[in-house]
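Pasting start_9.cif here (mmCIF, C-alpha atoms):
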```
data_model
#
loop_
_atom_site.group_PDB
_atom_site.id
_atom_site.type_symbol
_atom_site.label_atom_id
_atom_site.label_comp_id
_atom_site.auth_asym_id
_atom_site.auth_seq_id
_atom_site.Cartn_x
_atom_site.Cartn_y
_atom_site.Cartn_z
ATOM 1 C CA GLU A 2 70.927 95.933 94.787
ATOM 2 C CA SER A 3 69.438 94.733 98.041
ATOM 3 C CA ALA A 4 66.580 96.719 99.524
ATOM 4 C CA PRO A 5 67.531 99.042 102.399
ATOM 5 C CA ILE A 6 66.786 97.763 105.878
ATOM 6 C CA ARG A 7 63.856 99.631 107.375
ATOM 7 C CA GLN A 8 64.255 100.803 110.936
ATOM 8 C CA SER A 9 61.453 100.782 113.453
ATOM 9 C CA LYS A 10 60.475 103.951 115.291
ATOM 10 C CA LYS A 11 62.084 102.555 118.448
ATOM 11 C CA GLN A 12 65.375 101.909 116.605
ATOM 12 C CA LYS A 13 65.355 105.419 115.177
ATOM 13 C CA ARG A 14 64.838 106.922 118.638
ATOM 14 C CA GLN A 15 67.853 104.948 119.880
ATOM 15 C CA LEU A 16 70.182 106.248 117.165
ATOM 16 C CA SER A 17 73.034 108.413 118.397
ATOM 17 C CA PRO A 18 73.389 111.926 116.894
ATOM 18 C CA VAL A 19 76.336 110.730 114.786
ATOM 19 C CA LYS A 20 74.461 107.761 113.391
ATOM 20 C CA ARG A 21 71.313 109.832 112.828
ATOM 21 C CA LEU A 22 73.336 112.368 110.833
ATOM 22 C CA LEU A 23 75.082 109.756 108.711
ATOM 23 C CA VAL A 24 72.198 107.368 108.146
ATOM 24 C CA ASP A 25 69.115 109.590 108.102
ATOM 25 C CA ASP A 26 70.507 112.875 106.783
ATOM 26 C CA LEU A 27 73.474 111.851 104.630
ATOM 27 C CA LYS A 28 72.003 108.460 103.648
ATOM 28 C CA ARG A 29 75.217 106.601 104.414
ATOM 29 C CA PRO A 30 75.143 102.825 105.022
ATOM 30 C CA ALA A 31 74.610 101.846 108.640
ATOM 31 C CA ARG A 32 77.911 99.945 108.618
ATOM 32 C CA ASP A 33 79.777 103.194 107.855
ATOM 33 C CA ALA A 34 78.052 104.905 110.761
ATOM 34 C CA ASP A 35 78.901 101.990 113.050
ATOM 35 C CA ALA A 36 82.560 102.166 112.006
ATOM 36 C CA ILE A 37 82.728 105.906 112.671
ATOM 37 C CA GLU A 38 81.143 105.490 116.094
ATOM 38 C CA LYS A 39 83.689 102.792 116.921
ATOM 39 C CA ILE A 40 86.513 105.106 115.868
ATOM 40 C CA LEU A 41 85.163 107.976 117.971
ATOM 41 C CA LYS A 42 84.781 105.770 121.049
ATOM 42 C CA ALA A 43 88.180 104.126 120.641
ATOM 43 C CA GLY A 44 89.772 107.545 120.121
ATOM 44 C CA ASP A 45 88.385 108.669 123.479
ATOM 45 C CA GLU A 46 89.607 105.462 125.126
ATOM 46 C CA ILE A 47 93.111 105.944 123.715
ATOM 47 C CA SER A 48 93.114 109.558 124.945
ATOM 48 C CA ASP A 49 92.100 108.375 128.414
ATOM 49 C CA LEU A 50 94.810 105.702 128.371
ATOM 50 C CA MET A 51 97.422 108.276 127.373
ATOM 51 C CA ALA A 52 96.266 110.680 130.082
ATOM 52 C CA GLY A 53 96.502 107.845 132.606
ATOM 53 C CA GLY A 54 100.194 107.254 131.965
ATOM 54 C CA GLY A 55 100.177 105.381 128.672
ATOM 55 C CA VAL A 56 103.316 107.087 127.412
ATOM 56 C CA VAL A 57 105.160 106.197 130.630
ATOM 57 C CA SER A 58 104.162 102.551 130.250
ATOM 58 C CA GLY A 59 105.108 102.609 126.575
ATOM 59 C CA THR A 60 108.505 104.118 127.323
ATOM 60 C CA MET A 61 109.154 101.491 129.999
ATOM 61 C CA ILE A 62 108.288 98.720 127.533
ATOM 62 C CA LEU A 63 110.688 100.071 124.921
ATOM 63 C CA LEU A 64 113.515 100.702 127.404
ATOM 64 C CA SER A 65 113.097 97.243 128.957
ATOM 65 C CA ASP A 66 113.267 95.674 125.492
ATOM 66 C CA ILE A 67 109.985 93.836 125.987
ATOM 67 C CA ASP A 68 109.103 92.100 122.760
ATOM 68 C CA VAL A 69 106.233 89.679 122.108
ATOM 69 C CA ARG A 70 107.218 88.105 118.820
ATOM 70 C CA GLN A 71 104.693 86.524 116.512
ATOM 71 C CA GLU A 72 105.211 83.585 114.215
ATOM 72 C CA GLU A 73 102.775 81.806 111.937
ATOM 73 C CA THR A 74 102.374 78.120 112.731
ATOM 74 C CA ASP A 75 101.571 75.383 110.231
ATOM 75 C CA CYS A 76 98.004 74.062 110.305
ATOM 76 C CA ALA A 77 96.192 71.184 108.695
ATOM 77 C CA ALA A 78 94.991 71.577 105.128
ATOM 78 C CA GLY A 79 91.968 73.818 104.872
ATOM 79 C CA GLU A 80 92.575 75.512 108.235
ATOM 80 C CA ASP A 81 93.671 79.092 108.772
ATOM 81 C CA SER A 82 97.227 79.630 109.989
ATOM 82 C CA ALA A 83 97.562 80.321 113.712
ATOM 83 C CA ARG A 84 99.735 82.786 115.596
ATOM 84 C CA GLN A 85 102.245 81.614 118.160
ATOM 85 C CA LEU A 86 103.598 84.240 120.540
ATOM 86 C CA TYR A 87 107.102 84.216 122.010
ATOM 87 C CA PRO A 88 107.612 86.818 124.760
ATOM 88 C CA PHE A 89 111.036 88.279 125.534
ATOM 89 C CA MET A 90 112.373 90.857 127.975
ATOM 90 C CA SER A 91 115.894 92.286 127.925
ATOM 91 C CA GLY A 92 116.899 89.627 125.416
ATOM 92 C CA ARG A 93 115.777 86.614 127.450
ATOM 93 C CA ARG A 94 112.800 84.362 126.809
ATOM 94 C CA VAL A 95 109.982 84.875 129.311
ATOM 95 C CA ASP A 96 107.648 82.249 130.734
ATOM 96 C CA ALA A 97 104.463 84.294 130.963
ATOM 97 C CA THR A 98 102.895 81.904 133.474
ATOM 98 C CA SER A 99 105.628 82.289 136.090
ATOM 99 C CA GLU A 100 107.430 85.575 135.408
ATOM 100 C CA ASP A 101 107.198 87.801 138.501
ATOM 101 C CA ASP A 102 109.333 90.769 137.487
ATOM 102 C CA PRO A 103 107.308 93.908 138.365
ATOM 103 C CA VAL A 104 108.304 95.538 135.076
ATOM 104 C CA TRP A 105 106.876 92.577 133.185
ATOM 105 C CA SER A 106 103.709 92.614 135.325
ATOM 106 C CA HIS A 107 103.171 96.302 134.616
ATOM 107 C CA ALA A 108 103.740 95.721 130.895
ATOM 108 C CA MET A 109 101.128 92.963 130.888
ATOM 109 C CA ASP A 110 98.604 95.203 132.673
ATOM 110 C CA PHE A 111 99.220 97.761 129.942
ATOM 111 C CA ARG A 112 98.901 95.036 127.301
ATOM 112 C CA LEU A 113 95.514 94.077 128.728
ATOM 113 C CA ALA A 114 94.264 97.678 128.692
ATOM 114 C CA CYS A 115 95.365 98.145 125.077
ATOM 115 C CA SER A 116 93.969 94.784 123.982
ATOM 116 C CA LYS A 117 90.495 95.674 125.223
ATOM 117 C CA ILE A 118 90.495 98.722 122.944
ATOM 118 C CA LEU A 119 91.947 96.895 119.948
ATOM 119 C CA GLN A 120 89.575 93.948 120.232
ATOM 120 C CA ARG A 121 86.626 96.338 119.931
ATOM 121 C CA ILE A 122 88.009 98.566 117.173
ATOM 122 C CA GLY A 123 89.926 95.939 115.155
ATOM 123 C CA PRO A 124 91.811 97.104 112.058
ATOM 124 C CA LEU A 125 90.369 100.610 112.455
ATOM 125 C CA TRP A 126 92.716 101.219 115.412
ATOM 126 C CA ARG A 127 95.019 103.451 113.354
ATOM 127 C CA ALA A 128 92.152 105.822 112.571
ATOM 128 C CA ALA A 129 91.276 105.976 116.276
ATOM 129 C CA LEU A 130 94.930 106.628 117.169
ATOM 130 C CA PHE A 131 95.216 109.489 114.669
ATOM 131 C CA LEU A 132 91.925 110.921 115.922
ATOM 132 C CA ALA A 133 93.216 110.972 119.507
ATOM 133 C CA LEU A 134 96.489 112.515 118.303
ATOM 134 C CA SER A 135 94.696 115.175 116.265
ATOM 135 C CA GLU A 136 92.459 116.118 119.192
ATOM 136 C CA GLU A 137 95.447 116.616 121.473
ATOM 137 C CA LEU A 138 97.282 118.643 118.826
ATOM 138 C CA CYS A 139 94.238 120.904 118.545
ATOM 139 C CA THR A 140 94.456 121.717 122.238
ATOM 140 C CA ILE A 141 97.706 123.593 121.601
ATOM 141 C CA GLN A 142 96.031 126.171 119.356
ATOM 142 C CA THR A 143 92.988 126.327 121.638
ATOM 143 C CA GLN A 144 95.152 127.118 124.621
ATOM 144 C CA GLU A 145 97.105 129.744 122.683
ATOM 145 C CA ASP A 146 93.853 131.348 121.475
ATOM 146 C CA GLY A 147 92.893 131.798 125.112
ATOM 147 C CA LEU A 148 95.850 134.119 125.753
ATOM 148 C CA GLU A 149 95.052 137.814 125.793
ATOM 149 C CA TYR A 150 98.410 138.718 124.303
ATOM 150 C CA ALA A 151 101.680 137.125 123.268
ATOM 151 C CA ILE A 152 105.144 138.488 123.848
ATOM 152 C CA GLU A 153 107.766 137.785 121.196
ATOM 153 C CA GLY A 154 105.701 135.805 118.714
ATOM 154 C CA ASP A 155 108.709 133.866 117.456
ATOM 155 C CA VAL A 156 109.194 132.376 120.911
ATOM 156 C CA VAL A 157 105.525 131.459 121.130
ATOM 157 C CA ASN A 158 105.620 129.801 117.713
ATOM 158 C CA GLU A 159 108.747 127.885 118.665
ATOM 159 C CA SER A 160 107.073 126.736 121.863
ATOM 160 C CA GLN A 161 104.038 125.556 119.909
ATOM 161 C CA GLU A 162 106.231 123.580 117.525
ATOM 162 C CA GLU A 163 108.092 121.939 120.393
ATOM 163 C CA ARG A 164 104.820 120.930 122.006
ATOM 164 C CA ARG A 165 103.554 119.512 118.714
ATOM 165 C CA ARG A 166 106.699 117.425 118.337
ATOM 166 C CA GLY A 167 106.375 116.282 121.933
ATOM 167 C CA ILE A 168 102.762 115.146 121.454
ATOM 168 C CA ILE A 169 103.585 113.331 118.207
ATOM 169 C CA GLU A 170 106.507 111.615 119.914
ATOM 170 C CA LYS A 171 104.218 110.450 122.749
ATOM 171 C CA TYR A 172 101.807 108.792 120.350
ATOM 172 C CA ASP A 173 104.687 107.299 118.376
ATOM 173 C CA ILE A 174 105.949 105.683 121.603
ATOM 174 C CA PHE A 175 102.431 104.450 122.368
ATOM 175 C CA ALA A 176 101.994 102.874 118.928
ATOM 176 C CA SER A 177 105.487 101.369 118.974
ATOM 177 C CA SER A 178 104.845 99.781 122.362
ATOM 178 C CA MET A 179 101.643 98.142 121.086
ATOM 179 C CA VAL A 180 103.601 96.673 118.187
ATOM 180 C CA ARG A 181 106.311 95.419 120.563
ATOM 181 C CA LEU A 182 103.638 93.800 122.723
ATOM 182 C CA GLY A 183 102.386 91.784 119.750
ATOM 183 C CA LEU A 184 98.923 93.335 119.860
ATOM 184 C CA ILE A 185 98.394 94.087 116.185
ATOM 185 C CA GLY A 186 95.922 91.509 114.959
ATOM 186 C CA CYS A 187 94.801 90.483 118.446
ATOM 187 C CA TRP A 188 91.182 90.984 117.353
ATOM 188 C CA ASP A 189 91.512 87.876 115.159
ATOM 189 C CA VAL A 190 93.005 85.633 117.844
ATOM 190 C CA LYS A 191 90.815 82.655 118.664
ATOM 191 C CA PRO A 192 90.344 81.531 122.275
ATOM 192 C CA LEU A 193 92.494 78.634 123.428
ATOM 193 C CA LEU A 194 89.353 76.880 124.686
ATOM 194 C CA ASP A 195 85.952 77.091 123.057
ATOM 195 C CA GLY A 196 82.763 77.167 125.072
ATOM 196 C CA GLY A 197 82.016 73.512 124.476
ATOM 197 C CA ALA A 198 85.385 72.368 125.798
ATOM 198 C CA ILE A 199 85.034 74.523 128.910
ATOM 199 C CA LYS A 200 81.590 73.140 129.695
ATOM 200 C CA LYS A 201 82.560 69.551 129.004
ATOM 201 C CA SER A 202 85.929 69.069 130.652
ATOM 202 C CA VAL A 203 87.082 72.222 132.452
ATOM 203 C CA LEU A 204 84.118 73.661 134.340
ATOM 204 C CA PRO A 205 81.320 71.104 133.923
ATOM 205 C CA ARG A 206 79.167 72.700 136.635
ATOM 206 C CA ILE A 207 79.098 76.144 135.091
ATOM 207 C CA PRO A 208 75.530 77.483 134.783
ATOM 208 C CA LYS A 209 74.137 79.191 131.735
ATOM 209 C CA GLY A 210 73.924 82.966 131.634
ATOM 210 C CA PRO A 211 76.248 85.648 133.041
ATOM 211 C CA ALA A 212 78.573 83.146 134.734
ATOM 212 C CA PHE A 213 79.527 81.615 131.399
ATOM 213 C CA ARG A 214 80.176 85.057 129.946
ATOM 214 C CA ASP A 215 82.404 85.882 132.925
ATOM 215 C CA VAL A 216 84.431 82.734 132.311
ATOM 216 C CA MET A 217 84.935 83.539 128.625
ATOM 217 C CA GLU A 218 85.960 87.112 129.468
ATOM 218 C CA GLU A 219 88.401 85.793 132.064
ATOM 219 C CA GLN A 220 89.935 83.587 129.387
ATOM 220 C CA THR A 221 90.346 86.563 127.048
ATOM 221 C CA ASP A 222 91.966 88.677 129.771
ATOM 222 C CA TRP A 223 94.276 85.840 130.824
ATOM 223 C CA MET A 224 95.432 85.303 127.251
ATOM 224 C CA ALA A 225 96.216 89.016 126.983
ATOM 225 C CA THR A 226 98.409 88.973 130.089
ATOM 226 C CA HIS A 227 100.013 85.587 129.379
ATOM 227 C CA PRO A 228 101.169 85.743 125.744
ATOM 228 C CA GLY A 229 102.526 82.435 124.512
ATOM 229 C CA ALA A 230 101.067 80.381 127.385
ATOM 230 C CA ASP A 231 99.359 77.124 126.481
ATOM 231 C CA ALA A 232 95.885 75.721 127.096
ATOM 232 C CA ASP A 233 97.005 73.561 130.029
ATOM 233 C CA ALA A 234 98.038 76.643 131.995
ATOM 234 C CA LEU A 235 94.740 78.313 131.112
ATOM 235 C CA VAL A 236 92.745 75.295 132.316
ATOM 236 C CA LEU A 237 94.504 75.403 135.674
ATOM 237 C CA HIS A 238 93.863 79.149 135.954
ATOM 238 C CA LEU A 239 90.160 78.824 135.183
ATOM 239 C CA LYS A 240 89.724 76.024 137.697
ATOM 240 C CA ARG A 241 91.459 78.057 140.383
ATOM 241 C CA THR A 242 89.468 81.174 139.535
ATOM 242 C CA PHE A 243 86.082 79.412 139.382
ATOM 243 C CA PRO A 244 86.345 76.531 141.888
ATOM 244 C CA ASP A 245 82.563 76.300 142.292
ATOM 245 C CA PHE A 246 82.227 75.160 138.694
ATOM 246 C CA VAL A 247 84.770 72.311 138.663
ATOM 247 C CA ALA A 248 83.712 68.673 138.912
ATOM 248 C CA GLN A 249 82.585 67.629 142.383
ATOM 249 C CA ASP A 250 85.313 64.993 142.723
ATOM 250 C CA GLU A 251 88.087 67.376 141.699
ATOM 251 C CA ALA A 252 90.048 69.459 144.191
ATOM 252 C CA ILE A 253 92.148 72.348 142.916
ATOM 253 C CA ALA A 254 95.116 73.501 144.953
ATOM 254 C CA LYS A 255 95.280 77.273 145.262
#
```

What's the structure tokens form of this structure?
Amino acid sequence: ESAPIRQSKKQKRQLSPVKRLLVDDLKRPARDADAIEKILKAGDEISDLMAGGGVVSGTMILLSDIDVRQEETDCAAGEDSARQLYPFMSGRRVDATSEDDPVWSHAMDFRLACSKILQRIGPLWRAALFLALSEELCTIQTQEDGLEYAIEGDVVNESQEERRRGIIEKYDIFASSMVRLGLIGCWDVKPLLDGGAIKKSVLPRIPKGPAFRDVMEEQTDWMATHPGADADALVLHLKRTFPDFVAQDEAIAK
């Protein structure tokens, strides 16, 4: 077995209470503590997204029959298979680079918000979803415990059960909408353009440091809101978004 990694005093001071409990007190591997912290954070983010109208957005996506279909594409020998996305709405194929339907635009904003959570949590997203669901279900009993008395207990119990079913249905809609948006597995999606290609032929005047990070984040966000779009459309978007970094002899029409 490999020797445990020793932590400096500074690292120990920076440990969160959860990680300190798991690593120092319960002697769990640091990777387990990191996973649990990710789940806790993502659970809070999902709860915030739900409170901000996530179930309304999810319902709209399902009712509008928005469906981002995924298909595996053939790759050269030795390379991993790639995902190709095909977006649809109300049974028709959508061009994500030109579609201006407000319903589609809202769905893509929701897709972006969900993708940011999923890209951080990865395959642990189900645990985070169930954590958020469990926390909201617990609020029912907490609220009932705050009552000084209850009239007709059967009615109260029935009301509690209806609220439980309603909360579970909300999270079922939320999860179903993420599946319909083609988000499961988005944490493994590779960027259309790697950093070298962007520096060499897309934005040759980009400086090192935060500006480069901003460009890469813009690419990730654009891919989330333009499922199925190709690299050519992304190149045009980046050049329009960061005109100061394009080649001096190149003019980009806005």

Open item on the list: Residues near Gln249 (chain A), anyone? I mean within 12 Å using all atoms listed in the file, not counting same-chain ones fewer than 5 positions away, as a PyMOL selection string.
Closed with: chain A and resi 203-207+240+244

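Distance-wise, CA of Gly210 (chain A) and CA of Lys191 (chain A) end up 21.3 Å apart.
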
TODO: Considering all atoms listed in the file, state which residue in the set A:Ala225, A:Ile169, A:Leu239, A:Leu184 is at the smallest distance from Ile199 (chain A).
DONE: A:Leu239

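Distances from A:Leu132, A:Met224, A:Ile141, A:Leu194 to Ile168 (chain A) were compared using only C-alpha atoms, and the smallest one belongs to A:Ile141.
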
- [ ] Could you list the residues chosen by the PyMOL selection byres ((chain A and resi 69) around 12) in this structure as a PyMOL selection string?
- [x] chain A and resi 62-63+66-68+70-72+84-97+105+108-109+112+178-185+225-230

Open item on the list: Report, in Å with one decimal, the straight-line distance from CA of Ala129 (chain A) to CA of Trp223 (chain A).
Closed with: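 About the pair CA of Ala129 (chain A) and CA of Trp223 (chain A): they are 25.0 Å apart.
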
Open item on the list: Nearest residue to Glu170 (chain A) out of A:Cys187, A:Leu134, A:Met217, A:Leu235, using all atoms listed in the file?
Closed with: A:Leu134

- [ ] May I ask which of the residues A:Asp173, A:Ala133, A:Glu251, A:Asp245 is the closest one to Asp45 (chain A), counting all atoms listed in the file?
- [x]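 Going through A:Asp173, A:Ala133, A:Glu251, A:Asp245 one by one, the smallest distance to Asp45 (chain A) is for A:Ala133.
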
TODO: For the file shown, report as number ranges by chain the outcome of the PyMOL selection byres ((chain A and resi 216) around 10) at residue level.
DONE: A: 196, 199, 204, 207, 211-215, 217-222, 239, 242-243

Would you output that residue set with C-alpha atoms, as a PDB file, keeping the file's coordinate frame?
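What ended up in again05.pdb:
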```pdb
ATOM      1  CA  GLY A 196      82.763  77.167 125.072  1.00  0.00           C
ATOM      2  CA  ILE A 199      85.034  74.523 128.910  1.00  0.00           C
ATOM      3  CA  LEU A 204      84.118  73.661 134.340  1.00  0.00           C
ATOM      4  CA  ILE A 207      79.098  76.144 135.091  1.00  0.00           C
ATOM      5  CA  PRO A 211      76.248  85.648 133.041  1.00  0.00           C
ATOM      6  CA  ALA A 212      78.573  83.146 134.734  1.00  0.00           C
ATOM      7  CA  PHE A 213      79.527  81.615 131.399  1.00  0.00           C
ATOM      8  CA  ARG A 214      80.176  85.057 129.946  1.00  0.00           C
ATOM      9  CA  ASP A 215      82.404  85.882 132.925  1.00  0.00           C
ATOM     10  CA  MET A 217      84.935  83.539 128.625  1.00  0.00           C
ATOM     11  CA  GLU A 218      85.960  87.112 129.468  1.00  0.00           C
ATOM     12  CA  GLU A 219      88.401  85.793 132.064  1.00  0.00           C
ATOM     13  CA  GLN A 220      89.935  83.587 129.387  1.00  0.00           C
ATOM     14  CA  THR A 221      90.346  86.563 127.048  1.00  0.00           C
ATOM     15  CA  ASP A 222      91.966  88.677 129.771  1.00  0.00           C
ATOM     16  CA  LEU A 239      90.160  78.824 135.183  1.00  0.00           C
ATOM     17  CA  THR A 242      89.468  81.174 139.535  1.00  0.00           C
ATOM     18  CA  PHE A 243      86.082  79.412 139.382  1.00  0.00           C
TER      19      PHE A 243
END
```

TODO: Work out how far apart CA of Asp250 (chain A) and CA of Ser99 (chain A) are and give it in Å to one decimal.
DONE: 27.5 Å

- [ ] Could you tell me which of A:Glu137, A:Asp231, A:Asp110, A:Asp102 comes closest to Leu193 (chain A) if we count all atoms listed in the file?
- [x]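 The closest residue to Leu193 (chain A) is A:Asp231.
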
TODO: Translate the PyMOL selection byres ((chain A and resi 36) around 12), as applied to the file shown, into an explicit residue set as a ChimeraX atom specification.
DONE: /A:19-20,23,29-35,37-43,121-126,128-129

- [ ] Name the closest residue to Lys209 (chain A) among the candidates A:Phe246, A:Arg165, A:Trp188, A:Asp195; distances are taken between atoms, counting all atoms listed in the file.
- [x]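 Counting all atoms listed in the file, the residue closest to Lys209 (chain A) is A:Phe246.
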
Generate a file for region 161-172 of chain A, containing N, CA and C atoms, as a PDB file, in the first residue's frame.
```pdb
ATOM      1  N   GLN A 161     -49.791  16.131   4.015  1.00  0.00           N
ATOM      2  CA  GLN A 161     -48.357  15.839   3.977  1.00  0.00           C
ATOM      3  C   GLN A 161     -48.017  14.915   2.815  1.00  0.00           C
ATOM      4  N   GLU A 162     -48.823  13.888   2.614  1.00  0.00           N
ATOM      5  CA  GLU A 162     -48.559  12.940   1.537  1.00  0.00           C
ATOM      6  C   GLU A 162     -48.685  13.616   0.173  1.00  0.00           C
ATOM      7  N   GLU A 163     -49.651  14.482   0.028  1.00  0.00           N
ATOM      8  CA  GLU A 163     -49.807  15.199  -1.241  1.00  0.00           C
ATOM      9  C   GLU A 163     -48.608  16.093  -1.507  1.00  0.00           C
ATOM     10  N   ARG A 164     -48.114  16.740  -0.466  1.00  0.00           N
ATOM     11  CA  ARG A 164     -46.948  17.605  -0.638  1.00  0.00           C
ATOM     12  C   ARG A 164     -45.712  16.782  -0.973  1.00  0.00           C
ATOM     13  N   ARG A 165     -45.572  15.621  -0.348  1.00  0.00           N
ATOM     14  CA  ARG A 165     -44.442  14.748  -0.678  1.00  0.00           C
ATOM     15  C   ARG A 165     -44.490  14.345  -2.145  1.00  0.00           C
ATOM     16  N   ARG A 166     -45.665  13.936  -2.603  1.00  0.00           N
ATOM     17  CA  ARG A 166     -45.793  13.533  -4.009  1.00  0.00           C
ATOM     18  C   ARG A 166     -45.498  14.716  -4.928  1.00  0.00           C
ATOM     19  N   GLY A 167     -45.943  15.896  -4.530  1.00  0.00           N
ATOM     20  CA  GLY A 167     -45.689  17.074  -5.345  1.00  0.00           C
ATOM     21  C   GLY A 167     -44.205  17.393  -5.453  1.00  0.00           C
ATOM     22  N   ILE A 168     -43.478  17.279  -4.349  1.00  0.00           N
ATOM     23  CA  ILE A 168     -42.033  17.551  -4.357  1.00  0.00           C
ATOM     24  C   ILE A 168     -41.302  16.513  -5.202  1.00  0.00           C
ATOM     25  N   ILE A 169     -41.661  15.236  -5.031  1.00  0.00           N
ATOM     26  CA  ILE A 169     -41.021  14.183  -5.821  1.00  0.00           C
ATOM     27  C   ILE A 169     -41.292  14.392  -7.304  1.00  0.00           C
ATOM     28  N   GLU A 170     -42.502  14.795  -7.632  1.00  0.00           N
ATOM     29  CA  GLU A 170     -42.840  15.041  -9.038  1.00  0.00           C
ATOM     30  C   GLU A 170     -42.022  16.197  -9.608  1.00  0.00           C
ATOM     31  N   LYS A 171     -41.778  17.238  -8.795  1.00  0.00           N
ATOM     32  CA  LYS A 171     -40.962  18.366  -9.259  1.00  0.00           C
ATOM     33  C   LYS A 171     -39.558  17.911  -9.631  1.00  0.00           C
ATOM     34  N   TYR A 172     -38.950  17.115  -8.774  1.00  0.00           N
ATOM     35  CA  TYR A 172     -37.587  16.669  -9.043  1.00  0.00           C
ATOM     36  C   TYR A 172     -37.545  15.654 -10.188  1.00  0.00           C
TER      37      TYR A 172
END
```
